[in-house]
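Undergrad: So I've got this file, start_10.csv, and it contains CSV, C-alpha atoms and all ligand atoms:
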chain,number,residue,atom,x,y,z
A,1,MET,CA,0.0,0.0,0.0
A,2,LYS,CA,1.3,3.4,-0.9
A,3,HIS,CA,0.6,6.6,1.0
A,4,TYR,CA,-0.8,9.2,-1.4
A,5,LEU,CA,1.3,12.2,-2.0
A,6,LYS,CA,0.1,15.7,-3.1
A,7,LYS,CA,3.0,16.1,-5.4
A,8,ASN,CA,1.7,13.1,-7.4
A,9,ALA,CA,-1.7,14.7,-7.7
A,10,ARG,CA,-0.2,17.9,-9.1
A,11,LEU,CA,1.9,16.0,-11.7
A,12,LEU,CA,-1.1,13.9,-12.7
A,13,PHE,CA,-3.3,16.9,-12.9
A,14,ALA,CA,-0.8,18.7,-15.2
A,15,ALA,CA,-0.7,15.6,-17.4
A,16,MET,CA,-4.5,15.5,-17.5
A,17,LEU,CA,-4.7,19.2,-18.5
A,18,THR,CA,-2.4,18.5,-21.4
A,19,LEU,CA,-4.5,15.5,-22.4
A,20,SER,CA,-7.8,17.4,-22.3
A,21,ALA,CA,-6.3,20.4,-24.2
A,22,CYS,CA,-6.1,18.1,-27.3
A,23,SER,CA,-9.7,16.8,-27.1
A,24,GLY,CA,-13.0,17.7,-28.7
A,25,HIS,CA,-16.2,16.2,-27.4
A,26,SER,CA,-14.5,13.2,-25.9
A,27,SER,CA,-11.2,12.5,-24.4
A,28,LYS,CA,-8.9,9.6,-24.0
A,29,THR,CA,-8.0,8.0,-20.7
A,30,THR,CA,-4.4,7.0,-19.9
A,31,THR,CA,-5.4,3.5,-21.1
A,32,GLY,CA,-6.8,4.7,-24.4
A,33,GLU,CA,-10.5,4.3,-23.9
A,34,THR,CA,-12.7,7.2,-24.8
A,35,VAL,CA,-14.6,9.0,-22.0
A,36,PRO,CA,-17.6,11.0,-23.1
A,37,GLU,CA,-17.8,14.6,-21.7
A,38,THR,CA,-21.5,14.5,-22.2
A,39,ARG,CA,-23.4,11.4,-21.4
A,40,THR,CA,-26.7,11.0,-23.3
A,41,GLU,CA,-27.8,7.4,-22.6
A,42,THR,CA,-31.2,7.2,-21.0
A,43,VAL,CA,-31.0,4.4,-18.4
A,44,ALA,CA,-33.6,3.9,-15.7
A,45,GLY,CA,-32.2,4.7,-12.2
A,46,THR,CA,-29.5,6.9,-13.5
A,47,LYS,CA,-29.3,10.6,-14.2
A,48,ALA,CA,-26.4,12.6,-15.8
A,49,LEU,CA,-25.6,16.1,-14.7
A,50,HIS,CA,-23.3,18.3,-16.8
A,51,LEU,CA,-21.4,20.8,-14.7
A,52,GLU,CA,-18.8,22.9,-16.6
A,53,ASP,CA,-16.1,20.4,-17.7
A,54,LEU,CA,-17.4,17.3,-15.8
A,55,THR,CA,-20.3,14.9,-16.1
A,56,ALA,CA,-21.6,13.4,-12.9
A,57,THR,CA,-23.9,10.4,-13.3
A,58,TRP,CA,-26.1,9.3,-10.4
A,59,ILE,CA,-26.5,5.6,-10.3
A,60,GLN,CA,-29.2,4.2,-8.0
A,61,ASP,CA,-27.9,1.0,-6.4
A,62,ASN,CA,-30.9,-0.1,-4.3
A,63,PRO,CA,-33.7,-1.9,-6.1
A,64,GLY,CA,-37.1,-0.1,-6.0
A,65,ASP,CA,-37.9,2.7,-3.7
A,66,LYS,CA,-36.3,3.3,-0.3
A,67,LEU,CA,-37.7,4.9,2.8
A,68,MET,CA,-35.6,5.4,5.9
A,69,PRO,CA,-37.8,4.5,8.9
A,70,ARG,CA,-38.9,7.3,11.2
A,71,SER,CA,-37.3,5.3,14.1
A,72,LEU,CA,-33.9,5.9,12.7
A,73,PHE,CA,-34.2,9.5,13.8
A,74,SER,CA,-35.0,8.9,17.4
A,75,ASP,CA,-33.9,12.3,18.6
A,76,ALA,CA,-36.3,14.1,16.3
A,77,PRO,CA,-39.6,14.9,18.1
A,78,ASP,CA,-42.9,13.7,16.8
A,79,SER,CA,-44.1,17.3,16.4
A,80,ILE,CA,-41.5,18.0,13.7
A,81,ILE,CA,-41.9,14.6,12.0
A,82,GLU,CA,-45.7,15.3,11.8
A,83,LYS,CA,-45.2,18.9,10.5
A,84,LEU,CA,-43.1,17.6,7.7
A,85,HIS,CA,-45.5,14.6,7.0
A,86,LEU,CA,-42.7,12.1,7.5
A,87,GLN,CA,-44.5,9.6,9.8
A,88,GLU,CA,-44.3,6.9,7.2
A,89,GLY,CA,-40.6,7.3,6.7
A,90,ILE,CA,-38.2,9.6,4.9
A,91,PRO,CA,-37.5,9.2,1.1
A,92,SER,CA,-33.9,8.0,0.6
A,93,SER,CA,-31.8,5.8,-1.7
A,94,VAL,CA,-28.5,3.9,-1.8
A,95,SER,CA,-26.6,5.7,-4.5
A,96,THR,CA,-23.2,5.8,-6.2
A,97,PHE,CA,-21.9,8.5,-8.6
A,98,LEU,CA,-19.7,8.2,-11.6
A,99,VAL,CA,-17.7,11.3,-12.5
A,100,GLU,CA,-16.1,11.8,-15.9
A,101,THR,CA,-13.7,14.6,-16.1
A,102,LYS,CA,-10.6,15.4,-18.0
A,103,GLY,CA,-10.2,11.9,-19.4
A,104,LEU,CA,-10.7,10.2,-16.1
A,105,ARG,CA,-13.5,8.0,-14.8
A,106,ILE,CA,-14.0,8.1,-11.1
A,107,LEU,CA,-16.5,6.1,-9.1
A,108,PHE,CA,-17.6,7.4,-5.7
A,109,ASP,CA,-18.6,4.4,-3.5
A,110,THR,CA,-19.8,1.1,-4.7
A,111,GLY,CA,-23.1,0.4,-3.0
A,112,LEU,CA,-24.5,-2.8,-1.5
A,113,GLY,CA,-22.9,-5.3,-3.8
A,114,TYR,CA,-24.2,-8.7,-4.8
A,115,PRO,CA,-27.1,-9.7,-4.8
A,116,ALA,CA,-29.2,-6.6,-4.0
A,117,GLY,CA,-26.9,-3.9,-5.6
A,118,GLN,CA,-27.7,-2.6,-9.0
A,119,LEU,CA,-24.4,-0.8,-9.7
A,120,THR,CA,-22.8,-3.3,-12.1
A,121,ASN,CA,-26.0,-3.8,-14.1
A,122,LYS,CA,-26.4,0.0,-14.5
A,123,LEU,CA,-22.7,0.4,-15.5
A,124,LYS,CA,-23.3,-2.1,-18.2
A,125,ASP,CA,-26.4,-0.2,-19.4
A,126,LEU,CA,-24.3,3.0,-19.4
A,127,LYS,CA,-21.7,1.1,-21.5
A,128,VAL,CA,-19.0,1.4,-18.9
A,129,ARG,CA,-17.0,-1.7,-18.2
A,130,PRO,CA,-15.8,-2.3,-14.6
A,131,ASP,CA,-12.2,-2.5,-15.9
A,132,GLU,CA,-12.5,1.1,-17.3
A,133,ILE,CA,-12.9,2.4,-13.8
A,134,ARG,CA,-9.4,3.5,-12.8
A,135,TYR,CA,-10.3,5.4,-9.6
A,136,ILE,CA,-12.7,4.6,-6.8
A,137,TYR,CA,-13.0,7.2,-4.0
A,138,LEU,CA,-14.8,5.9,-0.9
A,139,THR,CA,-16.6,8.2,1.5
A,140,HIS,CA,-16.4,5.7,4.3
A,141,LEU,CA,-16.3,1.9,4.9
A,142,HIS,CA,-19.8,0.9,5.8
A,143,GLY,CA,-21.1,-2.2,3.9
A,144,ASP,CA,-23.6,-0.2,1.7
A,145,HIS,CA,-20.6,1.7,0.3
A,146,ILE,CA,-17.9,-1.0,-0.1
A,147,GLY,CA,-20.2,-4.0,-0.9
A,148,GLY,CA,-19.9,-3.5,-4.6
A,149,LEU,CA,-16.1,-3.9,-4.6
A,150,LEU,CA,-16.3,-7.7,-4.4
A,151,LYS,CA,-18.7,-10.3,-5.8
A,152,GLY,CA,-18.2,-13.3,-3.5
A,153,ASP,CA,-14.5,-13.8,-3.6
A,154,SER,CA,-13.9,-12.0,-6.9
A,155,VAL,CA,-12.7,-8.5,-7.5
A,156,VAL,CA,-15.3,-6.4,-9.4
A,157,PHE,CA,-13.0,-3.6,-10.5
A,158,PRO,CA,-9.7,-5.2,-11.6
A,159,LYS,CA,-7.9,-2.0,-12.5
A,160,ALA,CA,-9.1,0.5,-10.0
A,161,GLU,CA,-7.1,2.2,-7.3
A,162,VAL,CA,-9.2,2.5,-4.2
A,163,TYR,CA,-8.8,5.8,-2.2
A,164,ILE,CA,-9.7,5.9,1.5
A,165,SER,CA,-8.9,8.5,4.1
A,166,SER,CA,-6.2,7.3,6.5
A,167,ALA,CA,-8.4,8.3,9.5
A,168,GLU,CA,-11.1,5.9,8.2
A,169,TYR,CA,-8.8,3.1,7.4
A,170,LYS,CA,-7.1,3.2,10.8
A,171,ALA,CA,-10.4,3.3,12.6
A,172,TRP,CA,-11.6,0.2,10.8
A,173,GLU,CA,-8.3,-1.6,11.4
A,174,THR,CA,-8.9,-1.4,15.1
A,175,MET,CA,-12.7,-2.1,15.2
A,176,SER,CA,-13.6,-5.5,16.4
A,177,ASP,CA,-17.2,-6.0,15.5
A,178,LYS,CA,-18.4,-8.2,12.6
A,179,ALA,CA,-18.4,-5.4,10.1
A,180,ASN,CA,-14.7,-5.6,10.3
A,181,ALA,CA,-14.8,-8.9,8.4
A,182,GLN,CA,-16.1,-7.1,5.3
A,183,PHE,CA,-13.3,-4.6,5.7
A,184,ALA,CA,-10.7,-7.4,6.0
A,185,GLN,CA,-12.0,-9.0,2.8
A,186,MET,CA,-11.7,-5.8,0.9
A,187,VAL,CA,-8.2,-5.2,2.1
A,188,LYS,CA,-7.2,-8.8,1.2
A,189,HIS,CA,-8.4,-8.4,-2.4
A,190,TYR,CA,-7.5,-4.8,-3.1
A,191,LYS,CA,-4.4,-4.3,-0.9
A,192,GLU,CA,-2.0,-3.5,-3.7
A,193,ARG,CA,-4.3,-0.9,-5.0
A,194,ILE,CA,-5.5,0.9,-1.8
A,195,ARG,CA,-4.3,4.5,-1.5
A,196,LEU,CA,-4.6,6.4,1.7
A,197,PHE,CA,-5.1,10.2,1.8
A,198,GLU,CA,-5.1,12.9,4.4
A,199,PHE,CA,-8.0,15.4,4.6
A,200,GLY,CA,-7.0,18.4,2.4
A,201,ASP,CA,-5.2,16.3,-0.2
A,202,THR,CA,-6.2,16.7,-3.8
A,203,LEU,CA,-6.7,13.5,-5.7
A,204,PRO,CA,-6.5,12.7,-9.5
A,205,GLY,CA,-9.2,14.6,-11.4
A,206,ASN,CA,-8.6,17.6,-9.2
A,207,VAL,CA,-10.8,16.2,-6.5
A,208,MET,CA,-10.5,17.9,-3.1
A,209,THR,CA,-10.9,15.8,0.0
A,210,ILE,CA,-12.8,17.4,3.0
A,211,ASP,CA,-13.1,16.2,6.6
A,212,ALA,CA,-16.7,15.1,7.1
A,213,GLY,CA,-16.1,13.0,10.2
A,214,GLY,CA,-18.8,12.1,12.6
A,215,HIS,CA,-20.9,9.5,10.7
A,216,THR,CA,-17.7,7.5,10.9
A,217,PRO,CA,-14.3,8.6,12.1
A,218,GLY,CA,-12.8,9.3,8.7
A,219,HIS,CA,-16.0,10.0,6.7
A,220,THR,CA,-15.0,12.2,3.7
A,221,ALA,CA,-16.7,14.6,1.4
A,222,PHE,CA,-15.2,15.2,-2.1
A,223,GLN,CA,-15.4,18.4,-4.1
A,224,VAL,CA,-14.8,18.5,-7.8
A,225,GLY,CA,-15.7,21.8,-9.5
A,226,LYS,CA,-19.2,22.7,-8.5
A,227,LEU,CA,-20.0,19.2,-7.3
A,228,LEU,CA,-19.9,18.2,-3.6
A,229,ILE,CA,-20.2,14.5,-2.9
A,230,VAL,CA,-21.3,14.3,0.7
A,231,GLY,CA,-21.5,10.6,1.4
A,232,ASP,CA,-23.7,9.9,4.4
A,233,LEU,CA,-24.0,13.5,5.6
A,234,MET,CA,-27.8,13.0,5.5
A,235,HIS,CA,-29.9,9.9,5.6
A,236,GLY,CA,-33.2,11.7,5.6
A,237,ALA,CA,-32.8,15.0,3.6
A,238,ALA,CA,-36.4,16.1,4.0
A,239,LEU,CA,-35.8,16.3,7.8
A,240,GLN,CA,-32.1,17.1,7.9
A,241,THR,CA,-31.8,20.0,5.5
A,242,ALA,CA,-34.4,21.8,7.6
A,243,TYR,CA,-33.2,20.5,10.9
A,244,PRO,CA,-29.5,19.5,10.5
A,245,GLU,CA,-29.3,19.0,14.3
A,246,TYR,CA,-31.1,15.7,14.2
A,247,CYS,CA,-28.9,12.7,13.5
A,248,ALA,CA,-29.6,9.2,12.1
A,249,ASN,CA,-28.8,6.6,14.7
A,250,TYR,CA,-26.2,5.3,12.3
A,251,ASP,CA,-24.0,8.3,13.0
A,252,MET,CA,-21.2,6.9,15.2
A,253,ASP,CA,-20.4,10.3,16.9
A,254,LYS,CA,-23.6,12.2,16.9
A,255,ASP,CA,-22.2,15.5,18.2
A,256,LYS,CA,-19.5,15.6,15.6
A,257,ALA,CA,-21.9,14.4,12.8
A,258,ARG,CA,-24.3,17.3,13.7
A,259,ASP,CA,-21.5,19.9,13.6
A,260,THR,CA,-20.2,18.5,10.3
A,261,ARG,CA,-23.6,18.5,8.8
A,262,ILE,CA,-24.2,22.1,9.7
A,263,ARG,CA,-20.7,23.1,8.5
A,264,ILE,CA,-21.0,21.3,5.1
A,265,LEU,CA,-24.5,22.4,4.4
A,266,GLN,CA,-23.5,26.0,4.9
A,267,TYR,CA,-20.4,25.5,2.8
A,268,ALA,CA,-22.5,24.1,-0.1
A,269,ARG,CA,-25.0,27.0,0.2
A,270,GLU,CA,-22.3,29.7,0.3
A,271,ASN,CA,-20.5,28.3,-2.7
A,272,LYS,CA,-23.6,27.3,-4.7
A,273,LEU,CA,-22.5,23.7,-5.0
A,274,VAL,CA,-24.6,20.8,-6.2
A,275,MET,CA,-24.6,18.2,-3.5
A,276,ALA,CA,-24.6,14.5,-4.4
A,277,GLY,CA,-25.4,12.2,-1.5
A,278,MET,CA,-25.4,8.5,-1.1
A,279,HIS,CA,-28.8,8.5,0.7
A,280,LEU,CA,-30.5,11.5,-0.8
A,281,PRO,CA,-33.8,10.7,-2.5
A,282,ALA,CA,-33.6,9.7,-6.1
A,283,PRO,CA,-32.2,11.3,-8.2
A,284,ALA,CA,-29.7,12.0,-5.5
A,285,PHE,CA,-28.5,15.5,-6.5
A,286,LEU,CA,-29.4,18.5,-4.4
A,287,PRO,CA,-28.7,21.8,-6.1
A,288,GLN,CA,-28.5,25.1,-4.1
A,289,GLN,CA,-30.7,28.0,-4.9
B,301,ZN,ZN,-24.6,4.5,4.1
Go ahead and render the structure in this file as structure tokens.
TA:
Amino acid sequence: MKHYLKKNARLLFAAMLTLSACSGHSSKTTTGETVPETRTETVAGTKALHLEDLTATWIQDNPGDKLMPRSLFSDAPDSIIEKLHLQEGIPSSVSTFLVETKGLRILFDTGLGYPAGQLTNKLKDLKVRPDEIRYIYLTHLHGDHIGGLLKGDSVVFPKAEVYISSAEYKAWETMSDKANAQFAQMVKHYKERIRLFEFGDTLPGNVMTIDAGGHTPGHTAFQVGKLLIVGDLMHGAALQTAYPEYCANYDMDKDKARDTRIRILQYARENKLVMAGMHLPAPAFLPQQ
């Protein structure tokens, strides 16, 4: 495993700029395949968003509709839940995002994995082969975000480098519950291609990494251009955009998760960023007014 260096990011970024300067409506990746700058396929459960020089495609991983149960937000009083008409649950999803920019394909999280996860089927419908994904950036290491990396004992993305914050990686190394088994499996199969980063590092594709700790110790948000990928900042957006002080019970450190949510929502608003969230309701983009 290599520790990720900022210098490498700058060199790569310079190389990518040179690459994209020669391109028209599509550009070549380092392995020669063509990456569209505008995605036009109409595939159910996906939505492409074009933001300046990148295309972000939302890919719904969960089959059917998803409601987070009201009981997941046990700190939120009934009066607020009723005012927002959320007694039956809060619209949500399990989502991943494919970002295509400057000749690179970057996948953010990998969803639930086999058998429930839809990611690989949808990539096929979008005409993207798993071996064309060169970079996978993980927001954190819960099972609904890393499940798609493996199918049983096989690696799903044979050429991808997998980026994880070092805070998150270290936290899971020392956890002893059964979730750790899935982490250990991932490390076993991807160990040569795992790259650790520190918050504040810039990754290939000019992707900024932002400390979003609280949900998990090393939970990460990623910013590329006007897109802000927020991972599990919110599990019930209809409640938590209006009342960011209420956590889902999944948040490991609720005080920190609340402070992070307030800080990042404010940052997105001030900078007019489009948020992309792994549990926002479909299609899981949230533009700012
Ligand atoms: Zn999650």
Undergrad: At a cut-off of 10 Å, using only C-alpha atoms, what residues contact region 60-64 of chain A? Leave out same-chain residues fewer than 4 positions from it and give the result as number ranges by chain.
TA: A: 44-47, 92-97, 110-113, 116-122, 144-145, 148, 278-279, 281-284
Undergrad: Let me make sure I understand: among A:Glu192, A:Asp109, A:Asp253, A:Leu49, which one has the smallest atom-to-atom distance to Pro287 (chain A) if we use only C-alpha atoms?
TA: A:Leu49
Undergrad: Please, what distance in Å, to one decimal, runs between CA of Thr260 (chain A) and CA of Gln182 (chain A)?
TA: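 So the answer is 26.4 Å.
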Undergrad: If you measure from CA of Met275 (chain A) to CA of Val187 (chain A), what distance in Å do you get, rounded to one decimal?
TA: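 Taking CA of Met275 (chain A) and CA of Val187 (chain A), their separation equals 29.1 Å.
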Undergrad: Which protein, DNA or RNA residues have an atom at most 6 Å from (-19.2, -5.2, 2.5), counting all atoms listed in the file? List them as a PDB file with C-alpha atoms, keeping the file's coordinate frame.
TA:
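File out_8.pdb, as written:
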ATOM      1  CA  GLY A 143     -21.100  -2.200   3.900  1.00  0.00           C
ATOM      2  CA  ILE A 146     -17.900  -1.000  -0.100  1.00  0.00           C
ATOM      3  CA  GLY A 147     -20.200  -4.000  -0.900  1.00  0.00           C
ATOM      4  CA  GLN A 182     -16.100  -7.100   5.300  1.00  0.00           C
TER       5      GLN A 182
END
Undergrad: Extract, using all atoms listed in the file, all DNA, RNA and protein residues at most 10 Å from His215 (chain A), discarding same-chain residues fewer than 6 positions from it, and format them as a PyMOL selection string.
TA: chain A and resi 140+142+231-234+247-258+260-261
Undergrad: For region 163-165 of chain A, find every residue with an atom within 12 Å (counting all atoms listed in the file), except residues of its own chain fewer than 4 positions away, and show them as an MDAnalysis selection string.
TA: chainID A and resid 1:5 106:109 134:141 145:146 169:172 183 186:187 190:204 207:213 216:222
Undergrad: Considering only C-alpha atoms, can you say which of A:Ala238, A:Glu52, A:Ala268, A:Ala276 comes closest to Leu98 (chain A)?
TA: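 Closest residue, counting only C-alpha atoms: A:Ala276.
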Undergrad: Please report the interatomic distance between CA of Thr101 (chain A) and CA of Leu227 (chain A) in Å with one decimal.
TA: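 Answer for the CA of Thr101 (chain A) to CA of Leu227 (chain A) separation: 11.8 Å.
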Undergrad: Residues around (-24.5, 20.8, -5.2), cut-off 12 Å, counting only C-alpha atoms - what are they as a PyMOL selection string?
TA: chain A and resi 49-51+56+221-230+264-277+280+284-289
Undergrad: Find the residue from A:Asp259, A:Asp65, A:Glu100, A:Asp75 that sits nearest to Ala48 (chain A); use only C-alpha atoms when measuring.
TA: A:Glu100
Undergrad: Counting all atoms listed in the file, which of A:Gln240, A:Leu149, A:Met68, A:Thr174 gets nearest to ligand ZN 301 (chain B)?
TA: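 Nearest to ligand ZN 301 (chain B): A:Met68.
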